[in-house]
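Peer 1: If it helps, the file is called upload-v6.tsv and holds TSV, C-alpha atoms:
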```
chain	number	residue	atom	x	y	z
A	17	MET	CA	4.63	190.34	41.25
A	18	SER	CA	6.06	192.45	38.44
A	19	SER	CA	9.74	193.18	38.12
A	20	ASP	CA	8.77	196.85	38.69
A	21	ASP	CA	7.46	195.83	42.12
A	22	ASP	CA	10.69	193.97	42.85
A	23	SER	CA	12.73	196.99	41.76
A	24	ASP	CA	10.57	199.27	43.92
A	25	LYS	CA	11.49	197.15	46.95
A	26	VAL	CA	15.20	197.15	46.13
A	27	PHE	CA	15.41	200.91	45.58
A	28	LYS	CA	13.21	201.66	48.59
A	29	ALA	CA	15.58	199.54	50.69
A	30	LEU	CA	18.66	201.27	49.25
A	31	ALA	CA	17.16	204.76	49.63
A	32	ASP	CA	18.06	204.82	53.33
A	33	ARG	CA	21.70	205.56	54.11
A	34	ARG	CA	21.71	203.53	57.31
A	35	ARG	CA	20.52	200.46	55.42
A	36	ARG	CA	23.26	201.10	52.87
A	37	HIS	CA	25.79	201.22	55.70
A	38	MET	CA	24.46	197.89	56.99
A	39	LEU	CA	25.07	196.36	53.58
A	40	ASP	CA	28.59	197.86	53.63
A	41	LEU	CA	29.27	195.91	56.83
A	42	LEU	CA	27.75	192.72	55.45
A	43	LYS	CA	29.96	192.98	52.37
A	44	ASP	CA	32.88	192.00	54.63
A	45	GLY	CA	31.06	188.88	55.76
A	46	PRO	CA	27.81	187.72	57.41
A	47	LYS	CA	26.95	189.27	60.77
A	48	THR	CA	24.54	188.29	63.53
A	49	THR	CA	21.78	190.75	64.40
A	50	GLY	CA	23.63	191.35	67.68
A	51	MET	CA	26.81	192.34	65.81
A	52	LEU	CA	24.84	194.79	63.69
A	53	CYS	CA	23.23	196.29	66.81
A	54	ALA	CA	26.72	196.78	68.27
A	55	ALA	CA	27.83	198.51	65.07
A	56	PHE	CA	24.91	200.97	65.27
A	57	PRO	CA	24.79	201.91	68.98
A	58	GLU	CA	22.78	205.06	68.17
A	59	ILE	CA	19.68	203.03	67.22
A	60	ASP	CA	17.84	200.40	69.25
A	61	ARG	CA	17.61	196.70	68.45
A	62	CYS	CA	14.02	197.01	67.28
A	63	THR	CA	14.99	199.62	64.64
A	64	VAL	CA	17.92	197.49	63.46
A	65	MET	CA	15.52	194.58	63.01
A	66	GLN	CA	13.07	196.77	61.07
A	67	HIS	CA	15.86	197.82	58.69
A	68	LEU	CA	16.90	194.18	58.28
A	69	LYS	CA	13.30	193.27	57.45
A	70	VAL	CA	13.16	195.88	54.66
A	71	LEU	CA	16.48	194.57	53.31
A	72	GLU	CA	15.23	191.01	53.51
A	73	GLN	CA	12.00	191.84	51.68
A	74	ALA	CA	14.10	193.35	48.91
A	75	ASP	CA	16.17	190.12	48.84
A	76	LEU	CA	19.31	192.13	49.62
A	77	VAL	CA	19.81	190.28	52.89
A	78	VAL	CA	19.32	186.56	53.37
A	79	PRO	CA	18.99	185.39	56.99
A	80	GLN	CA	20.33	182.07	58.22
A	81	ARG	CA	19.33	180.64	61.59
A	82	LYS	CA	22.02	178.91	63.67
A	83	GLY	CA	20.63	177.93	67.05
A	84	ARG	CA	19.44	181.13	68.67
A	85	GLU	CA	21.44	183.35	66.36
A	86	ARG	CA	20.37	184.91	63.12
A	87	TRP	CA	23.23	185.42	60.65
A	88	ASN	CA	22.57	188.05	58.01
A	89	HIS	CA	24.17	187.54	54.61
A	90	LEU	CA	24.46	190.12	51.84
A	91	ASN	CA	22.82	188.87	48.66
A	92	ALA	CA	24.52	190.63	45.77
A	93	LEU	CA	22.17	189.38	43.05
A	94	PRO	CA	19.76	192.37	43.13
A	95	ILE	CA	22.82	194.65	42.94
A	96	LYS	CA	24.06	192.75	39.93
A	97	GLY	CA	20.54	193.14	38.48
A	98	ILE	CA	20.86	196.94	38.69
A	99	HIS	CA	24.22	196.80	36.94
A	100	ASP	CA	23.03	194.49	34.19
A	101	ARG	CA	19.87	196.49	33.57
A	102	TRP	CA	21.70	199.66	32.57
A	103	ILE	CA	25.20	198.52	31.76
A	104	GLY	CA	25.12	194.87	30.71
A	105	ASP	CA	27.94	192.74	29.36
A	106	TYR	CA	28.55	194.68	26.20
A	107	ALA	CA	29.19	198.08	27.81
A	108	ALA	CA	30.81	196.82	31.02
A	109	HIS	CA	34.35	197.04	29.68
A	110	ALA	CA	33.89	200.58	28.32
A	111	VAL	CA	32.31	201.81	31.57
A	112	ASP	CA	35.15	200.22	33.48
A	113	LEU	CA	37.72	202.14	31.42
A	114	LEU	CA	35.73	205.34	31.81
A	115	ALA	CA	35.57	204.93	35.60
A	116	ARG	CA	39.32	204.40	35.76
A	117	LEU	CA	39.98	207.41	33.53
A	118	ASN	CA	37.67	209.46	35.75
A	119	SER	CA	39.45	208.52	38.97
A	120	ASP	CA	42.87	209.07	37.33
A	121	LEU	CA	41.79	212.58	36.38
A	122	GLU	CA	40.47	213.26	39.88
A	123	ILE	CA	43.78	212.46	41.55
A	124	GLN	CA	45.87	214.59	39.16
A	125	PRO	CA	47.51	217.63	40.78
A	126	ASP	CA	46.28	220.84	39.14
B	8	MET	CA	28.82	217.17	49.58
B	9	SER	CA	29.29	213.75	51.19
B	10	SER	CA	29.14	210.55	49.19
B	11	ASP	CA	26.06	209.74	51.29
B	12	ASP	CA	24.39	212.83	49.82
B	13	ASP	CA	25.38	211.74	46.31
B	14	SER	CA	24.01	208.25	46.97
B	15	ASP	CA	20.78	209.74	48.33
B	16	LYS	CA	20.28	211.56	45.03
B	17	VAL	CA	21.02	208.47	42.95
B	18	PHE	CA	18.65	206.20	44.89
B	19	LYS	CA	15.95	208.87	45.08
B	20	ALA	CA	16.17	209.19	41.30
B	21	LEU	CA	16.04	205.41	40.81
B	22	ALA	CA	13.17	204.96	43.29
B	23	ASP	CA	10.63	206.05	40.66
B	24	ARG	CA	9.73	203.41	38.10
B	25	ARG	CA	9.03	205.93	35.35
B	26	ARG	CA	12.49	207.40	35.75
B	27	ARG	CA	13.89	203.86	35.60
B	28	HIS	CA	11.97	203.30	32.35
B	29	MET	CA	13.46	206.53	30.96
B	30	LEU	CA	16.95	205.20	31.70
B	31	ASP	CA	15.96	201.94	29.98
B	32	LEU	CA	15.22	203.94	26.82
B	33	LEU	CA	18.43	205.95	27.10
B	34	LYS	CA	20.44	202.74	27.42
B	35	ASP	CA	19.73	202.15	23.70
B	36	GLY	CA	21.16	205.57	22.84
B	37	PRO	CA	20.72	209.27	23.58
B	38	LYS	CA	17.25	210.75	23.04
B	39	THR	CA	15.97	214.29	22.72
B	40	THR	CA	13.48	215.51	25.29
B	41	GLY	CA	10.88	215.43	22.49
B	42	MET	CA	11.58	211.75	21.82
B	43	LEU	CA	11.15	210.97	25.53
B	44	CYS	CA	7.85	212.89	25.61
B	45	ALA	CA	6.65	210.81	22.65
B	46	ALA	CA	7.64	207.63	24.50
B	47	PHE	CA	5.57	208.64	27.55
B	48	PRO	CA	2.36	210.03	26.04
B	49	GLU	CA	0.52	209.56	29.34
B	50	ILE	CA	2.50	212.36	31.02
B	51	ASP	CA	2.94	215.97	29.91
B	52	ARG	CA	6.17	217.58	28.74
B	53	CYS	CA	6.59	219.47	31.99
B	54	THR	CA	6.54	216.24	34.03
B	55	VAL	CA	9.02	214.59	31.66
B	56	MET	CA	11.35	217.55	32.16
B	57	GLN	CA	10.97	217.33	35.95
B	58	HIS	CA	11.95	213.65	35.86
B	59	LEU	CA	14.94	214.49	33.65
B	60	LYS	CA	16.01	217.17	36.13
B	61	VAL	CA	16.01	214.65	39.01
B	62	LEU	CA	18.03	212.22	36.87
B	63	GLU	CA	20.44	214.99	35.90
B	64	GLN	CA	20.94	216.08	39.52
B	65	ALA	CA	21.84	212.47	40.33
B	66	ASP	CA	24.31	212.52	37.42
B	67	LEU	CA	22.46	209.61	35.81
B	68	VAL	CA	21.59	211.72	32.77
B	69	VAL	CA	23.96	214.13	31.07
B	70	PRO	CA	22.33	216.66	28.71
B	71	GLN	CA	23.96	217.90	25.54
B	72	ARG	CA	22.63	220.95	23.67
B	73	LYS	CA	22.60	220.79	19.88
B	74	GLY	CA	20.95	223.90	18.47
B	75	ARG	CA	17.44	223.99	19.91
B	76	GLU	CA	17.50	220.34	20.88
B	77	ARG	CA	18.55	218.83	24.16
B	78	TRP	CA	19.98	215.32	23.83
B	79	ASN	CA	19.85	213.23	26.99
B	80	HIS	CA	22.62	210.70	27.53
B	81	LEU	CA	22.64	207.90	30.09
B	82	ASN	CA	25.66	208.19	32.38
B	83	ALA	CA	26.42	204.70	33.66
B	84	LEU	CA	29.10	205.73	36.18
B	85	PRO	CA	26.75	206.06	39.20
B	86	ILE	CA	25.34	202.61	38.31
B	87	LYS	CA	28.85	201.22	38.23
B	88	GLY	CA	29.40	202.89	41.61
B	89	ILE	CA	26.50	200.89	43.09
B	90	HIS	CA	27.95	197.68	41.70
B	91	ASP	CA	31.48	198.38	42.93
B	92	ARG	CA	30.29	199.40	46.40
B	93	TRP	CA	28.75	196.03	47.20
B	94	ILE	CA	30.29	193.65	44.71
B	95	GLY	CA	33.66	194.99	43.63
B	96	ASP	CA	36.25	193.36	41.42
B	97	TYR	CA	37.03	190.44	43.65
B	98	ALA	CA	33.49	189.08	43.97
B	99	ALA	CA	32.28	190.05	40.49
B	100	HIS	CA	33.17	186.71	38.92
B	101	ALA	CA	31.53	184.67	41.68
B	102	VAL	CA	28.34	186.75	41.54
B	103	ASP	CA	28.31	186.37	37.78
B	104	LEU	CA	28.45	182.58	38.07
B	105	LEU	CA	25.74	182.66	40.76
B	106	ALA	CA	23.45	184.77	38.57
B	107	ARG	CA	23.91	182.37	35.66
B	108	LEU	CA	23.26	179.35	37.89
B	109	ASN	CA	20.15	181.09	39.22
B	110	SER	CA	18.74	181.78	35.76
B	111	ASP	CA	19.59	178.24	34.60
B	112	LEU	CA	17.63	176.85	37.54
B	113	GLU	CA	14.69	179.14	36.82
B	114	ILE	CA	14.29	177.90	33.26
B	115	GLN	CA	14.48	174.19	34.19
B	116	PRO	CA	11.23	172.23	33.67
B	117	ASP	CA	9.92	170.89	37.00
```
Take the structure from the file and write it as structure tokens.
Peer 2:
Amino acid sequence: MSSDDDSDKVFKALADRRRRHMLDLLKDGPKTTGMLCAAFPEIDRCTVMQHLKVLEQADLVVPQRKGRERWNHLNALPIKGIHDRWIGDYAAHAVDLLARLNSDLEIQPD
Amino acid sequence: MSSDDDSDKVFKALADRRRRHMLDLLKDGPKTTGMLCAAFPEIDRCTVMQHLKVLEQADLVVPQRKGRERWNHLNALPIKGIHDRWIGDYAAHAVDLLARLNSDLEIQPD
């Protein structure tokens, strides 16, 4: 599989805001599928599992079986891949400064 | 506009591999629209400009007019936003180590 195919999967997975919100929750720590269902009461278990499958295929979520439970872990490596592709080590410091400058300017009173 | 709407635009823009390749080129430095057309001879100028418009609406490309030329600059801030959303300062070092370990393992002879 080409890296373009891998990237297609990652960006397809991230294109959905509910899947992005699932990753937000997993950033705080692994969650069972049941916990994720409880966090999204507006969708049914089957839909939660479909979203998790898309995230797993993109390697953004890594499942771990413990008994009858499935713990879902955020895998940050594809996210780091996005960063490194267009920012990389060399520019990281400059972009960091720019982001801080930007947020400083945004909070200034006018 | 919500940050979900902003994220939708960014991931919609990045979902297309040709637009990702355009950003790859812009990473090396700003390019005129003419230079980008020359780099993608398989698509016409109008299509190149449509892709640039999607990238611009996502704030991934910032145009600069110089006389009759339009110079397209990569704006890395939305990319940094993706990184910070799911990695952030605290975990950045650990993910960095993990990525290096991963690539070291991949290049090991079996």
Peer 1: Please provide as a list in words all residues within 8 Å of range 77-93 of chain A, with the sequence filter that same-chain residues fewer than 4 positions apart are discarded (counting all atoms listed in the file).
Peer 2: Leu39, Leu42, Lys43, Gly45, Pro46, Lys47, Thr48, Thr49, Leu68, Leu71, Glu72 and Gly97 of chain A; Trp93, Ile94, Val102, Leu105 and Ala106 of chain B
Peer 1: Mind pulling up the distance from CA of Phe18 in chain B to CA of Gln73 in chain A?
Peer 2: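 That distance, rounded to one decimal, is 17.2 Å.
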Peer 1: Quick one: pull the distance between CA of Arg26 in chain B and CA of Val61 in chain B, Å, one decimal.
Peer 2: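 Distance reported for this atom pair: 8.7 Å.
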Peer 1: Would you list the residues near (23.9, 208.9, 39.8) (no more than 7 Å away, in the coordinates of the file, using all atoms listed in the file) as a PyMOL selection string?
Peer 2: chain B and resi 16-17+65-67+85-86
Peer 1: Looking at only C-alpha atoms, which of A:Ile98, A:Val64, A:Cys53, A:Leu113 is the one that sits closest to chain B?
Peer 2: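 Residue with the minimum atom-to-atom distance to chain B: A:Ile98.
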